[in-house]
Amino acid sequence: MRKSTIIGAVLVGGIALAGCTPAEYDSDQPPAPGTPPADAPKMAGQASTGHGSTGESGAAAQLLSNRQQVLALAELAATKATSPQAKEVAAELQQSATEQVTELKQLAGGATGQAPEADAALSALSGAAFDAQWKQKVLSLVGQAPALAQGDAELSELATELTTEQQEITAKLNAIA
């Protein structure tokens, strides 16, 4: 009797987990909140599939989006950050991201992409909570940028610049308490 109860529980658990696995076919059901789009890169290193691709879906366009997000975060931190170090890093990022956005717009064939709006959840925070969340978001975006630029011949110089920037910004942000 006890053995059959255990087997039944295992089967029920297996059936429940089977419903959590990705489907092998398209579904008409909407994705769960927070699920990335199907065409989103799985990892930052897989973002560019071709070399020299400068179309709307190319590495330049993806990097443009990344840099626009960094710029939006830098502008937000200029007014909301409480840490002087965070404000200093935000000013540096604002300057570098503005230059990079201009360059990437040219490389992306004039595509401007959608300028991201400030993160509503982040905008609602203040004080140390804002600084901590802002730091995490910036670290994530700055960490993705070099990988987005690698593998594209037109972005090789920018990839080197972004790698250096990533190291500097990461060190400065990690020094913030």
# chains A, B, ... in the order shown; residues from 1 in each chain; ligands from 1
>>> residues_around(residues="range 170-177 of chain A", least_positions_apart="3", cutoff="7 Å", atoms="only C-alpha atoms", output="ChimeraX atom specification")
/A:85,135,139,166-167
>>> atom_distance(atom1="CA of Leu104 in chain A", atom2="CA of Ala61 in chain A")
7.3 Å
>>> residues_around(residues="Glu168 in chain A", least_positions_apart="6", cutoff="12 Å", atoms="only C-alpha atoms", output="list in words")
Val89, Glu92, Leu93, Leu139, Val142, Gly143, Glu161, Leu162, Asn174 and Ala175 of chain A
>>> atom_distance(atom1="CA of Arg67 in chain A", atom2="CA of Ala132 in chain A")
20.1 Å
>>> residues_around(residues="Ala97 in chain A", least_positions_apart="6", cutoff="9 Å", atoms="only C-alpha atoms", output="short mmCIF file (atom, residue, chain, number, x, y, z; two decimals) with N, CA, C and O atoms, in the first residue's frame")
data_model
loop_
_atom_site.label_atom_id
_atom_site.label_comp_id
_atom_site.auth_asym_id
_atom_site.auth_seq_id
_atom_site.Cartn_x
_atom_site.Cartn_y
_atom_site.Cartn_z
N ARG A 67 22.76 50.55 -25.45
CA ARG A 67 23.33 51.86 -25.10
C ARG A 67 22.24 52.88 -24.79
O ARG A 67 22.42 53.73 -23.93
N GLN A 68 21.10 52.80 -25.46
CA GLN A 68 19.99 53.69 -25.16
C GLN A 68 19.43 53.41 -23.77
O GLN A 68 19.06 54.33 -23.04
N VAL A 70 21.24 52.20 -21.27
CA VAL A 70 22.26 52.73 -20.35
C VAL A 70 22.09 54.23 -20.22
O VAL A 70 22.15 54.79 -19.11
N LEU A 71 21.87 54.90 -21.35
CA LEU A 71 21.68 56.35 -21.33
C LEU A 71 20.47 56.74 -20.50
O LEU A 71 20.53 57.67 -19.69
N ALA A 74 21.37 56.34 -16.90
CA ALA A 74 22.29 57.39 -16.47
C ALA A 74 21.55 58.70 -16.23
O ALA A 74 21.81 59.40 -15.24
#
>>> residues_around(residues="range 119-122 of chain A", least_positions_apart="5", cutoff="10 Å", atoms="only C-alpha atoms", output="compact mmCIF listing (two decimals) with N, CA and C atoms, in the first residue's frame")
# COMPACT_ATOMS: atom_id res chain seq x y z
N GLN A 69 19.42 52.14 -23.38
CA GLN A 69 18.97 51.78 -22.04
C GLN A 69 19.95 52.32 -20.99
N ALA A 72 19.37 56.02 -20.66
CA ALA A 72 18.16 56.30 -19.87
C ALA A 72 18.42 56.11 -18.37
N LEU A 73 19.15 55.06 -18.03
CA LEU A 73 19.49 54.83 -16.61
C LEU A 73 20.42 55.91 -16.08
N LEU A 76 18.40 59.01 -15.43
CA LEU A 76 17.57 58.82 -14.24
C LEU A 76 18.41 58.98 -12.98
N ALA A 77 19.61 58.42 -12.98
CA ALA A 77 20.47 58.49 -11.80
C ALA A 77 20.96 59.91 -11.54
N LYS A 80 18.01 61.00 -9.38
CA LYS A 80 17.50 60.17 -8.29
C LYS A 80 18.56 59.55 -7.39
N ALA A 129 17.77 52.24 -1.80
CA ALA A 129 17.10 51.21 -2.60
C ALA A 129 17.24 51.52 -4.09
N PHE A 130 17.08 52.79 -4.45
CA PHE A 130 17.27 53.19 -5.85
C PHE A 130 18.70 52.91 -6.28
N ASP A 131 19.66 53.37 -5.47
CA ASP A 131 21.07 53.20 -5.82
C ASP A 131 21.42 51.73 -6.05
N ALA A 132 20.92 50.85 -5.18
CA ALA A 132 21.23 49.42 -5.30
C ALA A 132 20.63 48.80 -6.56
N GLN A 133 19.37 49.11 -6.85
CA GLN A 133 18.73 48.56 -8.04
C GLN A 133 19.33 49.15 -9.32
N TRP A 134 19.62 50.43 -9.28
CA TRP A 134 20.23 51.10 -10.43
C TRP A 134 21.59 50.47 -10.73
N LYS A 137 21.15 47.08 -12.48
CA LYS A 137 20.71 47.21 -13.87
C LYS A 137 21.85 47.70 -14.76
